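J.: Once you've had a glance at the structure underneath, I'll fire off some questions.
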Amino acid sequence: MAGRTQLFRDNTMCAAESCLRKIAGQLIGRIEERMRMKLNERFAKQYRGFTAWLKLITFYELAMGMKSTMSHLIHYKPITLQYPHEKRVLPDNYRGMLALLRYDDGTEKCVGCDLCEAACPSRVIAVVSAEVPEEPTKRYAREYTMDMTRCLFCGLCVQACPVDALAMTKEYEWAVYDKRDLFLDKQQLLGIGDRTFQKREKRLEFQHPNLAVFNIASSNHPSKAC
């Protein structure tokens with residue numbers, strides 16, 4: 001019985017000793033890692049200080065600036081444009097002056113929903129909507145004004161429009177002497193759209209023939225079944 005007890009004690013001591021060795025090994029590893037990190041940080045600080053001192057005495061920033069200047073100076077392609085005789089080619093996603101669009105038959109796309117006015121972060125747009133006299137279920141913009149002096153050209157109004165009645169053009173030559181000339185009404189915005197987007201879309205009822213069936217104001221609406 002005493003032998004078994006001694007054997008149990010020996011096994012317990014061996015297990016405890018192995019556990020302590022593992023813990024000590026982990027602690028030593030963490031201490032070595034921390035010391036290595038501190039040494040690396042100290043070396044990095046010394047290296048950064050040395051490189052900063054070296055850049056200071058060799059005028060590194062000035063040399064890099066002169067390199068950029070000389071690379072543009074000896075460039076074989078001319079960069080300067082003889083404006084206004086030469087104009088830069090603008091990308092398709094250029095955000096220029098805003099415009100109101102029409103359909104191919106000349107009717108306005110705008111339905112007076114005021115979503116563009118609600119989406120504008122600068123309160124540039126003011127819309128006064130009204131009902132179409134002959135079609136009471138349809139609306140249009142009776143008055144549509146934009147104060148372009150406050151416009152950010154963010155394009156949120158274009159994205160908010162459900163019928164694609166607004167668009168960003170490539171027009172940017174709008175320098176004026178009086179800021180009141182940049183307060184545009186509906187006719188001016190439609191004129192910008194007419195000269196910029198000469199190719200127009202068809203009306204929605206011609207693009208989607210089934211739309212007239214579901215329009216409650218249409219005279220072609222089928223009668224209810226008995």
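Residue numbering restarts at 1 in every chain; chains get A, B, ... in the order shown in the structure tokens, and ligands count up from 1 in that same order.
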Would you give me, as a VMD selection string, the residues in segment 4-190 of chain A that DSSP reads as strand (DSSP E or B)?
T.: chain A and resid 98 to 100 102 to 103 108 125 to 131 139 to 147 166 to 168 183 to 184
J.: If we count only C-alpha atoms, what is near segment 199-203 of chain A at a cut-off of 8 Å, once residues fewer than 6 positions away on the same chain are taken out, given as an mmCIF file with N, CA and C atoms, in the first residue's frame?
T.:
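Below is the file part-v4.cif, written as the result:
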data_model
loop_
_atom_site.group_PDB
_atom_site.id
_atom_site.type_symbol
_atom_site.label_atom_id
_atom_site.label_comp_id
_atom_site.auth_asym_id
_atom_site.auth_seq_id
_atom_site.Cartn_x
_atom_site.Cartn_y
_atom_site.Cartn_z
ATOM 1 N N ARG A 102 -36.431 65.919 -72.101
ATOM 2 C CA ARG A 102 -37.742 65.712 -72.716
ATOM 3 C C ARG A 102 -37.784 64.328 -73.354
ATOM 4 N N TYR A 103 -39.020 63.929 -73.706
ATOM 5 C CA TYR A 103 -39.203 62.736 -74.526
ATOM 6 C C TYR A 103 -39.077 63.114 -75.998
ATOM 7 N N ASP A 104 -39.131 62.112 -76.860
ATOM 8 C CA ASP A 104 -38.942 62.378 -78.288
ATOM 9 C C ASP A 104 -40.074 63.203 -78.889
ATOM 10 N N ASP A 105 -41.249 63.200 -78.257
ATOM 11 C CA ASP A 105 -42.358 64.010 -78.772
ATOM 12 C C ASP A 105 -42.380 65.422 -78.192
#
J.: Leaving out Met148 of chain A and any residue of its chain fewer than 5 positions from it, which residues lie within 10 Å of it when counting only C-alpha atoms, given as a PyMOL selection string?
T.: chain A and resi 97-98+124-125+153+174+179-184
J.: If you run DSSP on the backbone, which residues of segment 76-197 of chain A are helix (DSSP H, G or I), as a PyMOL selection string?
T.: chain A and resi 115-119+156-160+179-182+186-196
J.: So that I have them on file, write out the residues from the current selection with N, CA and C atoms, as an mmCIF file, in the first residue's frame.
T.:
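Below is the file that was written, part18.cif:
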data_model
loop_
_atom_site.group_PDB
_atom_site.id
_atom_site.type_symbol
_atom_site.label_atom_id
_atom_site.label_comp_id
_atom_site.auth_asym_id
_atom_site.auth_seq_id
_atom_site.Cartn_x
_atom_site.Cartn_y
_atom_site.Cartn_z
ATOM 1 N N LEU A 115 -38.686 64.535 -55.494
ATOM 2 C CA LEU A 115 -37.637 63.710 -54.902
ATOM 3 C C LEU A 115 -36.262 64.343 -55.061
ATOM 4 N N CYS A 116 -36.042 65.031 -56.168
ATOM 5 C CA CYS A 116 -34.752 65.704 -56.354
ATOM 6 C C CYS A 116 -34.573 66.822 -55.334
ATOM 7 N N GLU A 117 -35.653 67.529 -55.044
ATOM 8 C CA GLU A 117 -35.585 68.592 -54.036
ATOM 9 C C GLU A 117 -35.282 68.022 -52.657
ATOM 10 N N ALA A 118 -35.857 66.859 -52.348
ATOM 11 C CA ALA A 118 -35.603 66.235 -51.051
ATOM 12 C C ALA A 118 -34.192 65.663 -50.957
ATOM 13 N N ALA A 119 -33.643 65.201 -52.086
ATOM 14 C CA ALA A 119 -32.313 64.587 -52.067
ATOM 15 C C ALA A 119 -31.189 65.604 -52.076
ATOM 16 N N LEU A 156 -26.700 63.710 -56.610
ATOM 17 C CA LEU A 156 -27.722 62.988 -55.848
ATOM 18 C C LEU A 156 -29.120 63.210 -56.418
ATOM 19 N N CYS A 157 -29.369 64.385 -56.970
ATOM 20 C CA CYS A 157 -30.681 64.642 -57.566
ATOM 21 C C CYS A 157 -30.897 63.779 -58.800
ATOM 22 N N VAL A 158 -29.844 63.548 -59.565
ATOM 23 C CA VAL A 158 -29.948 62.706 -60.760
ATOM 24 C C VAL A 158 -30.241 61.266 -60.364
ATOM 25 N N GLN A 159 -29.595 60.798 -59.304
ATOM 26 C CA GLN A 159 -29.826 59.432 -58.849
ATOM 27 C C GLN A 159 -31.207 59.260 -58.238
ATOM 28 N N ALA A 160 -31.746 60.315 -57.627
ATOM 29 C CA ALA A 160 -33.047 60.202 -56.968
ATOM 30 C C ALA A 160 -34.211 60.256 -57.943
ATOM 31 N N LYS A 179 -24.374 87.069 -60.090
ATOM 32 C CA LYS A 179 -24.745 85.748 -59.591
ATOM 33 C C LYS A 179 -26.205 85.422 -59.843
ATOM 34 N N ARG A 180 -27.014 86.435 -60.026
ATOM 35 C CA ARG A 180 -28.432 86.182 -60.293
ATOM 36 C C ARG A 180 -28.657 85.511 -61.638
ATOM 37 N N ASP A 181 -27.671 85.585 -62.520
ATOM 38 C CA ASP A 181 -27.789 84.892 -63.807
ATOM 39 C C ASP A 181 -27.677 83.380 -63.658
ATOM 40 N N LEU A 182 -27.177 82.913 -62.516
ATOM 41 C CA LEU A 182 -27.066 81.480 -62.265
ATOM 42 C C LEU A 182 -28.288 80.923 -61.544
ATOM 43 N N LYS A 186 -37.109 76.714 -65.295
ATOM 44 C CA LYS A 186 -37.367 75.468 -66.009
ATOM 45 C C LYS A 186 -37.027 75.573 -67.484
ATOM 46 N N GLN A 187 -37.355 76.676 -68.117
ATOM 47 C CA GLN A 187 -37.088 76.813 -69.547
ATOM 48 C C GLN A 187 -35.584 76.817 -69.843
ATOM 49 N N GLN A 188 -34.805 77.443 -68.980
ATOM 50 C CA GLN A 188 -33.359 77.436 -69.185
ATOM 51 C C GLN A 188 -32.781 76.034 -69.015
ATOM 52 N N LEU A 189 -33.275 75.304 -68.029
ATOM 53 C CA LEU A 189 -32.792 73.936 -67.812
ATOM 54 C C LEU A 189 -33.208 73.016 -68.953
ATOM 55 N N LEU A 190 -34.416 73.210 -69.479
ATOM 56 C CA LEU A 190 -34.842 72.423 -70.637
ATOM 57 C C LEU A 190 -34.011 72.772 -71.866
ATOM 58 N N GLY A 191 -33.643 74.037 -72.009
ATOM 59 C CA GLY A 191 -32.794 74.433 -73.135
ATOM 60 C C GLY A 191 -31.421 73.786 -73.072
ATOM 61 N N ILE A 192 -30.863 73.667 -71.869
ATOM 62 C CA ILE A 192 -29.574 72.980 -71.722
ATOM 63 C C ILE A 192 -29.703 71.524 -72.133
ATOM 64 N N GLY A 193 -30.805 70.897 -71.726
ATOM 65 C CA GLY A 193 -31.013 69.503 -72.109
ATOM 66 C C GLY A 193 -31.242 69.325 -73.594
ATOM 67 N N ASP A 194 -31.926 70.284 -74.239
ATOM 68 C CA ASP A 194 -32.197 70.178 -75.677
ATOM 69 C C ASP A 194 -30.918 70.256 -76.504
ATOM 70 N N ARG A 195 -29.997 71.129 -76.117
ATOM 71 C CA ARG A 195 -28.778 71.259 -76.915
ATOM 72 C C ARG A 195 -27.705 70.236 -76.539
ATOM 73 N N THR A 196 -27.863 69.584 -75.411
ATOM 74 C CA THR A 196 -26.863 68.591 -74.994
ATOM 75 C C THR A 196 -27.282 67.186 -75.379
#
J.: Name the residues in contact with Val132 of chain A at a cut-off of 10 Å, using only C-alpha atoms, excluding same-chain residues fewer than 5 positions from it; report them as a PyMOL selection string.
T.: chain A and resi 111+137-142
J.: I'd like the neighbourhood of Leu152 of chain A as a PyMOL selection string, where a residue qualifies if any of its atoms comes within 10 Å (using only C-alpha atoms), though same-chain residues fewer than 6 positions away should be ignored.
T.: chain A and resi 95+120-122+124
J.: Please produce a file of the residues just selected, as a tab-separated table (two decimals), in the first residue's frame, where the atoms kept are N, CA and C atoms.
T.:
chain	number	residue	atom	x	y	z
A	95	ARG	N	-19.35	65.73	-64.31
A	95	ARG	CA	-20.49	66.35	-63.64
A	95	ARG	C	-20.47	67.85	-63.90
A	120	CYS	N	-31.46	66.83	-52.47
A	120	CYS	CA	-30.40	67.84	-52.60
A	120	CYS	C	-29.88	68.24	-51.23
A	121	PRO	N	-28.60	68.10	-50.94
A	121	PRO	CA	-28.07	68.47	-49.61
A	121	PRO	C	-27.91	69.97	-49.43
A	122	SER	N	-27.89	70.74	-50.51
A	122	SER	CA	-27.68	72.19	-50.41
A	122	SER	C	-28.95	73.00	-50.62
A	124	VAL	N	-30.75	73.36	-53.33
A	124	VAL	CA	-30.59	74.12	-54.56
A	124	VAL	C	-31.88	74.14	-55.37
J.: Kindly give the distance, in Å, that separates atom CA of Asp164 of chain A and atom CA of Lys109 of chain A, rounded to a single decimal.
T.: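 Atom CA of Lys109 of chain A lies at a distance of 7.4 Å from atom CA of Asp164 of chain A.
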J.: Just the number, please: distance in Å from atom CA of Glu173 of chain A to atom CA of Ile79 of chain A, one decimal.
T.: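 Separation between atom CA of Glu173 of chain A and atom CA of Ile79 of chain A: 20.4 Å.
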